[in-house]
Structure formats: structure tokens, C-alpha cells
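S.K.: Take a look at this one; I'll ask things after.
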Amino acid sequence: MLQQRTLKSISRAVGVGLHSGQRVELTLRPAPADTGIVFRRVDLPEPVDIPMRAEAVTDTRLASTVSNGGAKVQTVEHIMSACAGLGIDNLYIDITADEVPILDGSASSFVFLLQSAGIEFQKAPRRFLKVLRPVEVREGEGDQLKWARLEPYHGYKLSFEIDFDHRVVSATGQRFEFDLGSGQYNRDIARARTFGFTKEVEYMRSKGLALGGGLDNAIVMDDTKVLNAGGLRYDDEFVKHKILDAMGDLYIVGHPLLAAYSAFRSGHALNNKLLRELLAQPGACELVTFESERAAPRGFNEIARAW
């Protein structure tokens with residue numbers, strides 16, 4: 001039986017929110033089988049739990065925000081991507097502010113925190129959301145077109161194409177495909193950082209956003225070059241970060257996917273719209289378990305290698 005996973009111990013981090021610039025403490029705690037991933041706003045007069053599900057997403061401007069009642073947590077996609085990449089099913093994420101700390105701008109710090117705590121198998125079957133027929137969402141036309149699609153696949157792979165009219169981005173790979181069964185999430189995806197342009201950063205700060213952003217937690221470009229002293233971590237870091245984001249956005253559905261995801265210019269809003277469309281269409285998906293490793297997709301019972 002492919003078993004659910006949680007942490008063996010507690011792990012903690014302190015950082016700042018990308019948009020709020022606010023100091024925030026994060027505590028990752030083991031959770032019982034069938035709990036799912038739950039954010040807990042422990043700074044409120046009465047702590048509020050926010051379980052992960054597609055309908056919990058209430059804002060997708062610049063990041064994925066999840067809410068329950070009046071409580072919210074912003075920028076959840078990077079830590080959710082790390083959980084997807086490592087196959088974490090059950091986890092309490094205690095947080096002392098309304099935004100997940102940006103740390104280094106990728107998922108690698110969250111991978112380190114999760115692996116440092118240790119990953120433990122639980123005596124309950126992993127339940128996968130299996131896509132049974134293609135589902136697609138599209139927006140815009142011509143040079144404004146963007147789309148995202150889920151199709152049946154015995155495993156989980158993601159293909160993404162970006163289209164930025166910028167000399168630095170154009171000089172890198174703008175399309176990448178990643179198969180989770182390769183076991184190489186840590187190596188190939190997790191270290192890809194969020195990115196932005198100086199003009200956008202200046203505008204966002206004038207609107208009270210990106211207050212915690214900087215060269216230590218994002219790739220920043222002017223009109224001609226990358227401003228970070230160390231350059232890029234991957235030759236195709238931009239498109240790999242979009243795959244990182246998509247993995248996090250899609251894991252908000254509450255179960256690991258069995259599907260092939262493909263997208264062109266997609267983002268947080270379209271990714272969530274795709275999940276809601278999948279769940280809304282009768283017969284488009286079902287929950288499945290695997291009684292043996294042999295029946296499961298390649299690599300799905302392995303714990304991702306440490307750094």
C-alpha cells in the first residue's frame with residue numbers, strides 16, 4: 001500500500017512576507033492521517049484553521065491566497081510546491097501573520113525544513129486525484145491568449161511555456177517539462193526563484209506591495225540584464241519557477257494529482273480556475289489508492305533524496 005506521509009518532528013523558520021514585508025514565524029508540525037495540509041493563523045485571538053482545498057483560494061493577484069472566514073494566508077504556493085514535491089500529505093503549518101515568509105524566493109528552503117524534520121509514513125493509504133478525461137481553461141485571444149490543461153496520465157508531469165518579451169528571458173529556455181516520477185524535484189525545480197522587473201517592483205512598492213522583496217529573495221532584472229550578483233541558478237530558471245508555482249497552486253486541491261498538466265502563460269488565477277473546472281465536471285476525476293508499489297506510477301513510493 002502507498003502510505004500517507006507526515007513529518008517526524010517539528011521544524012521552524014522566521015522570515016518576512018514578500019508583499020507585506022512583515023516578520024513572520026512559521027512552525028511545521030506533524031498531523032494525523034487524513035488531516036491534509038492545514039494552515040493555522042495562531043496570531044489571532046482565536047486561532048483559525050485553513051484547510052487546503054480549491055475553494056479556499058480567494059485571491060490570485062501576484063500570489064495564491066487562501067482564506068477561512070476573515071482569516072487569510074497569502075503566498076502559499078512555494079511551501080505547497082515543496083509539499084507536493086516531497087509527497088507530504090498531512091501537515092499543520094502554524095503561522096504568526098497573514099503571509100508565508102518568502103525566504104530565498106524558491107521552494108528550496110521549505111524542502112530543507114521538511115527534510116530536516118524527517119518524513120514519516122502513516123498507516124493510511126495515499127488518496128490520489130486521478131484525472132479521467134481532459135479539462136482545459138482558456139482566457140484571451142491572439143497575443144493575449146493563455147491556457148492550462150489537465151489530461152489523463154499514469155503519474156504526474158508538468159509542461160509549461162512562458163512568453164516574456166525581454167532579452168534576458170528570451171535568451172533562456174522558455175519551455176520545460178518535468179515528471180515527478182523522476183525523483184528530481186529538489187535538483188531540477190525547487191531552487192528556481194520568483195522573478196520580477198525593476199519597473200514592476202517600483203510600481204508595486206508604490207501600491208504597498210513587494211515590501212519584503214529584494215535581490216536576496218528574487219531574480220530582479222532591469223531592461224537589459226539580471227541584477228543579482230550570482231546570476232541565475234538554472235539556465236532556464238524562469239520557466240522552472242512557473243512549474244514550481246503550478247505544482248503549489250494545484251496541490252491546494254488537497255490530494256496529489258495523477259495527471260499531465262500543460263500550460264501556456266498560465267498563472268495563479270488560471271491554475272485555480274482549472275482545479276475548479278476539474279472538480280465541477282461530472283466524471284472528470286476520481287480518488288484512487290494503490291495497494292502495491294508495483295501498481296503505482298514509477299517513483300511514487302520513494303521519498304525524495306535529500307540535498
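Numbering starts fresh at 1 for the residues of each chain in the C-alpha cells, the chains themselves are lettered A, B, ... in the order given, and ligands are numbered from 1 as they appear.
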Within 12 Å of Arg175 (chain A), counting only C-alpha atoms, which residues qualify if same-chain residues fewer than 3 places away don't, as a ChimeraX atom specification?

M.R.: /A:158-164,169-172,178,235-243,262-265

S.K.: Could you write those residues out with N, CA, C and O atoms, as a compact mmCIF listing (two decimals), in the first residue's frame?

M.R.:
```
# COMPACT_ATOMS: atom_id res chain seq x y z
N LEU A 158 4.42 17.87 -15.66
CA LEU A 158 4.01 19.24 -15.92
C LEU A 158 4.85 19.79 -17.06
O LEU A 158 6.08 19.64 -17.09
N SER A 159 4.17 20.45 -17.99
CA SER A 159 4.83 21.10 -19.12
C SER A 159 4.36 22.55 -19.17
O SER A 159 3.16 22.82 -19.16
N PHE A 160 5.31 23.47 -19.21
CA PHE A 160 4.95 24.89 -19.14
C PHE A 160 5.73 25.66 -20.20
O PHE A 160 6.91 25.42 -20.42
N GLU A 161 5.05 26.62 -20.82
CA GLU A 161 5.71 27.52 -21.76
C GLU A 161 5.40 28.96 -21.36
O GLU A 161 4.25 29.32 -21.12
N ILE A 162 6.46 29.76 -21.26
CA ILE A 162 6.29 31.18 -20.94
C ILE A 162 6.54 32.00 -22.21
O ILE A 162 7.04 31.49 -23.21
N ASP A 163 6.21 33.28 -22.17
CA ASP A 163 6.36 34.12 -23.34
C ASP A 163 6.55 35.57 -22.87
O ASP A 163 5.62 36.36 -22.85
N PHE A 164 7.79 35.88 -22.46
CA PHE A 164 8.11 37.22 -21.98
C PHE A 164 8.95 37.95 -23.04
O PHE A 164 9.95 37.42 -23.51
N VAL A 169 15.07 36.98 -20.57
CA VAL A 169 14.21 35.80 -20.55
C VAL A 169 14.24 35.10 -21.90
O VAL A 169 14.30 33.87 -21.98
N SER A 170 14.24 35.87 -22.98
CA SER A 170 14.25 35.29 -24.32
C SER A 170 15.51 34.48 -24.58
O SER A 170 15.50 33.55 -25.39
N ALA A 171 16.60 34.82 -23.89
CA ALA A 171 17.87 34.11 -24.08
C ALA A 171 17.90 32.78 -23.33
O ALA A 171 18.86 32.02 -23.48
N THR A 172 16.89 32.50 -22.52
CA THR A 172 16.84 31.26 -21.76
C THR A 172 15.78 30.33 -22.34
O THR A 172 14.99 30.73 -23.20
N PHE A 178 8.60 18.57 -16.71
CA PHE A 178 9.12 17.89 -15.52
C PHE A 178 8.18 16.76 -15.13
O PHE A 178 6.97 16.94 -15.08
N ASP A 235 19.87 27.66 -16.12
CA ASP A 235 19.81 28.39 -17.38
C ASP A 235 18.38 28.77 -17.74
O ASP A 235 18.14 29.80 -18.37
N ASP A 236 17.42 27.91 -17.33
CA ASP A 236 16.01 28.13 -17.63
C ASP A 236 15.22 28.34 -16.33
O ASP A 236 14.14 27.79 -16.15
N GLU A 237 15.76 29.16 -15.44
CA GLU A 237 15.16 29.34 -14.10
C GLU A 237 13.77 29.95 -14.16
O GLU A 237 12.91 29.63 -13.33
N PHE A 238 13.51 30.80 -15.15
CA PHE A 238 12.22 31.49 -15.21
C PHE A 238 11.07 30.51 -15.43
O PHE A 238 10.09 30.51 -14.68
N VAL A 239 11.18 29.67 -16.43
CA VAL A 239 10.10 28.72 -16.71
C VAL A 239 10.03 27.66 -15.62
O VAL A 239 8.94 27.18 -15.27
N LYS A 240 11.17 27.30 -15.02
CA LYS A 240 11.14 26.32 -13.93
C LYS A 240 10.40 26.88 -12.71
O LYS A 240 9.73 26.14 -11.99
N HIS A 241 10.53 28.19 -12.48
CA HIS A 241 9.77 28.75 -11.36
C HIS A 241 8.27 28.71 -11.63
O HIS A 241 7.48 28.52 -10.70
N LYS A 242 7.87 28.86 -12.89
CA LYS A 242 6.45 28.77 -13.21
C LYS A 242 5.93 27.35 -12.96
O LYS A 242 4.79 27.16 -12.53
N ILE A 243 6.76 26.34 -13.22
CA ILE A 243 6.36 24.97 -12.89
C ILE A 243 6.29 24.80 -11.38
O ILE A 243 5.36 24.17 -10.86
N SER A 262 -0.40 20.84 -18.61
CA SER A 262 0.32 21.65 -19.59
C SER A 262 -0.28 23.05 -19.58
O SER A 262 -1.47 23.22 -19.31
N ALA A 263 0.57 24.03 -19.86
CA ALA A 263 0.09 25.41 -19.75
C ALA A 263 0.91 26.34 -20.63
O ALA A 263 2.09 26.10 -20.91
N PHE A 264 0.26 27.41 -21.05
CA PHE A 264 0.90 28.48 -21.82
C PHE A 264 0.51 29.79 -21.17
O PHE A 264 -0.67 30.13 -21.10
N ARG A 265 1.50 30.50 -20.62
CA ARG A 265 1.28 31.80 -19.96
C ARG A 265 0.33 31.71 -18.76
O ARG A 265 -0.27 32.71 -18.37
```

S.K.: Write out as a PyMOL selection string all residues of region 145-301 of chain A that backbone DSSP assigns to strand (DSSP E or B).

M.R.: chain A and resi 146-151+156-161+175-179+195-197+219-221+226+257-264+285-288

S.K.: Would you please work out which residue, of A:Asp34, A:Leu257, A:Arg127, A:Phe110, is nearest to Pro152 (chain A) when using only C-alpha atoms?

M.R.: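 Checking each candidate against Pro152 (chain A), we get A:Leu257 as the closest.
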
S.K.: Which is closer to Gly299 (chain A) than all the others in A:His154, A:Asn271, A:Gly231, A:Met221, using only C-alpha atoms?

M.R.: A:His154

S.K.: Rounded to one decimal, what separation in Å do you get between CA of Tyr261 (chain A) and CA of Leu150 (chain A)?

M.R.: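 Result for CA of Tyr261 (chain A) versus CA of Leu150 (chain A): 4.6 Å, one decimal.
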
S.K.: Pick from A:Glu202, A:Lys207, A:Asp165, A:Ile189: nearest to Thr224 (chain A), with only C-alpha atoms counted?

M.R.: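 Of A:Glu202, A:Lys207, A:Asp165, A:Ile189, the one nearest Thr224 (chain A) is A:Asp165, counting only C-alpha atoms.
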
S.K.: Can you work out which one of A:Leu287, A:Val111, A:Ala54, A:Val38 has the shortest atom-to-atom distance to Ala82 (chain A), counting only C-alpha atoms?

M.R.: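 Among the listed residues, A:Val111 lies closest to Ala82 (chain A).
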
S.K.: Point out the residue among A:Tyr92, A:Tyr153, A:Phe195, A:Phe300 with the least atom-to-atom distance to Arg40 (chain A), counting only C-alpha atoms.

M.R.: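 Nearest to Arg40 (chain A): A:Tyr92.
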
S.K.: Between A:Glu99, A:Glu77, A:Glu302, A:Asp143, which one has atoms that come closest to Leu250 (chain A), using only C-alpha atoms?

M.R.: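 Answer, going by the shortest atom-to-atom distance: A:Glu77.
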
S.K.: Let's see if you can do this: from backbone DSSP, list all helix (DSSP H, G or I) residues in region 73-245 of chain A, as a PyMOL selection string.

M.R.: chain A and resi 77-86+108-117+142-144+167-170+180-182+185-188+198-206+237-245

S.K.: Would you write out those residues with N, CA and C atoms, as a short mmCIF file (atom, residue, chain, number, x, y, z; two decimals), in the first residue's frame?

M.R.:
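Result file follows (part16.cif):
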```
data_model
loop_
_atom_site.label_atom_id
_atom_site.label_comp_id
_atom_site.auth_asym_id
_atom_site.auth_seq_id
_atom_site.Cartn_x
_atom_site.Cartn_y
_atom_site.Cartn_z
N GLU A 77 2.01 29.32 -2.35
CA GLU A 77 2.37 28.41 -3.44
C GLU A 77 3.76 27.76 -3.29
N HIS A 78 4.74 28.46 -2.71
CA HIS A 78 6.08 27.88 -2.64
C HIS A 78 6.15 26.75 -1.62
N ILE A 79 5.58 26.94 -0.45
CA ILE A 79 5.60 25.86 0.53
C ILE A 79 4.69 24.71 0.08
N MET A 80 3.59 25.02 -0.62
CA MET A 80 2.74 23.96 -1.13
C MET A 80 3.45 23.17 -2.23
N SER A 81 4.27 23.85 -3.02
CA SER A 81 5.06 23.17 -4.03
C SER A 81 6.05 22.21 -3.39
N ALA A 82 6.71 22.64 -2.31
CA ALA A 82 7.65 21.77 -1.60
C ALA A 82 6.92 20.54 -1.07
N CYS A 83 5.72 20.71 -0.53
CA CYS A 83 4.94 19.58 -0.03
C CYS A 83 4.57 18.63 -1.16
N ALA A 84 4.22 19.18 -2.31
CA ALA A 84 3.90 18.34 -3.46
C ALA A 84 5.13 17.59 -3.94
N GLY A 85 6.27 18.28 -3.99
CA GLY A 85 7.49 17.66 -4.47
C GLY A 85 7.99 16.54 -3.59
N LEU A 86 7.74 16.65 -2.28
CA LEU A 86 8.18 15.63 -1.33
C LEU A 86 7.08 14.64 -0.98
N SER A 108 13.23 25.84 -2.11
CA SER A 108 14.33 25.06 -1.56
C SER A 108 14.43 25.17 -0.04
N SER A 109 14.16 26.33 0.53
CA SER A 109 14.22 26.48 1.99
C SER A 109 13.13 25.66 2.66
N PHE A 110 11.96 25.58 2.04
CA PHE A 110 10.88 24.76 2.61
C PHE A 110 11.20 23.27 2.48
N VAL A 111 11.82 22.88 1.38
CA VAL A 111 12.28 21.50 1.23
C VAL A 111 13.25 21.15 2.36
N PHE A 112 14.18 22.06 2.63
CA PHE A 112 15.17 21.84 3.69
C PHE A 112 14.47 21.69 5.04
N LEU A 113 13.50 22.55 5.33
CA LEU A 113 12.78 22.47 6.60
C LEU A 113 12.04 21.15 6.74
N LEU A 114 11.37 20.74 5.68
CA LEU A 114 10.61 19.49 5.71
C LEU A 114 11.52 18.28 5.87
N GLN A 115 12.61 18.26 5.11
CA GLN A 115 13.52 17.12 5.20
C GLN A 115 14.28 17.10 6.52
N SER A 116 14.54 18.28 7.08
CA SER A 116 15.23 18.34 8.38
C SER A 116 14.36 17.74 9.48
N ALA A 117 13.05 17.92 9.36
CA ALA A 117 12.13 17.35 10.35
C ALA A 117 11.99 15.84 10.19
N GLY A 142 -5.43 35.69 -29.46
CA GLY A 142 -4.24 36.21 -30.13
C GLY A 142 -3.03 36.27 -29.22
N ASP A 143 -2.37 37.43 -29.19
CA ASP A 143 -1.17 37.54 -28.35
C ASP A 143 -1.51 37.70 -26.87
N GLN A 144 -2.79 37.68 -26.52
CA GLN A 144 -3.20 37.71 -25.12
C GLN A 144 -3.68 36.34 -24.63
N ARG A 167 14.87 40.60 -23.22
CA ARG A 167 16.05 39.99 -23.81
C ARG A 167 16.67 38.93 -22.92
N VAL A 168 16.64 39.12 -21.59
CA VAL A 168 17.22 38.13 -20.69
C VAL A 168 16.39 36.85 -20.69
N VAL A 169 15.07 36.98 -20.57
CA VAL A 169 14.21 35.80 -20.55
C VAL A 169 14.24 35.10 -21.90
N SER A 170 14.24 35.87 -22.98
CA SER A 170 14.25 35.29 -24.32
C SER A 170 15.51 34.48 -24.58
N LEU A 180 7.37 14.19 -12.07
CA LEU A 180 7.63 13.98 -10.65
C LEU A 180 8.20 12.60 -10.38
N GLY A 181 7.87 11.63 -11.23
CA GLY A 181 8.38 10.28 -11.05
C GLY A 181 9.89 10.16 -11.21
N SER A 182 10.53 11.20 -11.73
CA SER A 182 11.99 11.19 -11.87
C SER A 182 12.70 11.26 -10.52
N TYR A 185 12.79 16.49 -8.11
CA TYR A 185 12.19 17.80 -7.79
C TYR A 185 13.21 18.71 -7.10
N ASN A 186 13.91 18.19 -6.09
CA ASN A 186 14.88 19.02 -5.35
C ASN A 186 15.94 19.59 -6.28
N ARG A 187 16.44 18.75 -7.19
CA ARG A 187 17.53 19.16 -8.07
C ARG A 187 17.07 20.09 -9.19
N ASP A 188 15.92 19.76 -9.81
CA ASP A 188 15.54 20.41 -11.06
C ASP A 188 14.56 21.57 -10.93
N THR A 198 12.51 45.66 -12.55
CA THR A 198 12.65 46.83 -11.68
C THR A 198 11.46 47.78 -11.81
N LYS A 199 10.94 47.96 -13.02
CA LYS A 199 9.80 48.86 -13.20
C LYS A 199 8.58 48.34 -12.44
N GLU A 200 8.38 47.01 -12.49
CA GLU A 200 7.25 46.42 -11.79
C GLU A 200 7.42 46.54 -10.28
N VAL A 201 8.65 46.32 -9.80
CA VAL A 201 8.91 46.40 -8.36
C VAL A 201 8.64 47.80 -7.85
N GLU A 202 9.09 48.80 -8.58
CA GLU A 202 8.86 50.19 -8.17
C GLU A 202 7.37 50.51 -8.12
N TYR A 203 6.63 50.02 -9.13
CA TYR A 203 5.18 50.26 -9.15
C TYR A 203 4.50 49.56 -7.98
N MET A 204 4.86 48.28 -7.76
CA MET A 204 4.21 47.52 -6.68
C MET A 204 4.48 48.16 -5.32
N ARG A 205 5.71 48.64 -5.11
CA ARG A 205 6.02 49.27 -3.82
C ARG A 205 5.23 50.56 -3.63
N SER A 206 4.95 51.24 -4.72
CA SER A 206 4.13 52.46 -4.61
C SER A 206 2.70 52.13 -4.21
N GLU A 237 15.76 29.16 -15.44
CA GLU A 237 15.16 29.34 -14.10
C GLU A 237 13.77 29.95 -14.16
N PHE A 238 13.51 30.80 -15.15
CA PHE A 238 12.22 31.49 -15.21
C PHE A 238 11.07 30.51 -15.43
N VAL A 239 11.18 29.67 -16.43
CA VAL A 239 10.10 28.72 -16.71
C VAL A 239 10.03 27.66 -15.62
N LYS A 240 11.17 27.30 -15.02
CA LYS A 240 11.14 26.32 -13.93
C LYS A 240 10.40 26.88 -12.71
N HIS A 241 10.53 28.19 -12.48
CA HIS A 241 9.77 28.75 -11.36
C HIS A 241 8.27 28.71 -11.63
N LYS A 242 7.87 28.86 -12.89
CA LYS A 242 6.45 28.77 -13.21
C LYS A 242 5.93 27.35 -12.96
N ILE A 243 6.76 26.34 -13.22
CA ILE A 243 6.36 24.97 -12.89
C ILE A 243 6.29 24.80 -11.38
N LEU A 244 7.25 25.36 -10.66
CA LEU A 244 7.23 25.33 -9.19
C LEU A 244 5.93 25.93 -8.67
N ASP A 245 5.55 27.09 -9.17
CA ASP A 245 4.31 27.74 -8.76
C ASP A 245 3.10 26.87 -9.08
#
```

S.K.: Can you list, as a list in words, every protein, DNA or RNA residue that comes within 9 Å of Leu215 (chain A) when you count only C-alpha atoms, leaving out same-chain residues fewer than 6 positions away?

M.R.: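 These residues fall inside the cut-off: Leu227, Asn228 and Ala229 of chain A.
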
S.K.: Skipping near chain neighbours, those fewer than 3 positions away, what residues fall within 9 Å of Phe128 (chain A) using only C-alpha atoms, listed as a list of chain:residue names?

M.R.: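 What passes the distance filter is A:His255, A:Pro256, A:Leu257, A:Leu258, A:Glu286, A:Leu287, A:Val288, A:Thr289, A:Phe290.
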
S.K.: Record the distance separating CA of Ser11 (chain A) and CA of Asn90 (chain A), expressed in Å with one decimal.

M.R.: 14.3 Å

S.K.: Tell me, as a ChimeraX atom specification, which residues lie within 8 Å of region 134-136 of chain A, counting only C-alpha atoms; anything in the same chain fewer than 5 positions away does not count.

M.R.: /A:147-152,274,277-278,284

S.K.: List the neighbours of Glu120 (chain A) out to 10 Å using only C-alpha atoms; skip same-chain residues closer than 5 positions along the sequence, and give me the result as an NGL selection string.

M.R.: :A and (3-9 or 30 or 88 or 303)

S.K.: Between CA of Gln122 (chain A) and CA of Leu26 (chain A), what is the distance in Å, rounded to a tenth?

M.R.: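 Going from CA of Gln122 (chain A) over to CA of Leu26 (chain A), I get 23.5 Å.
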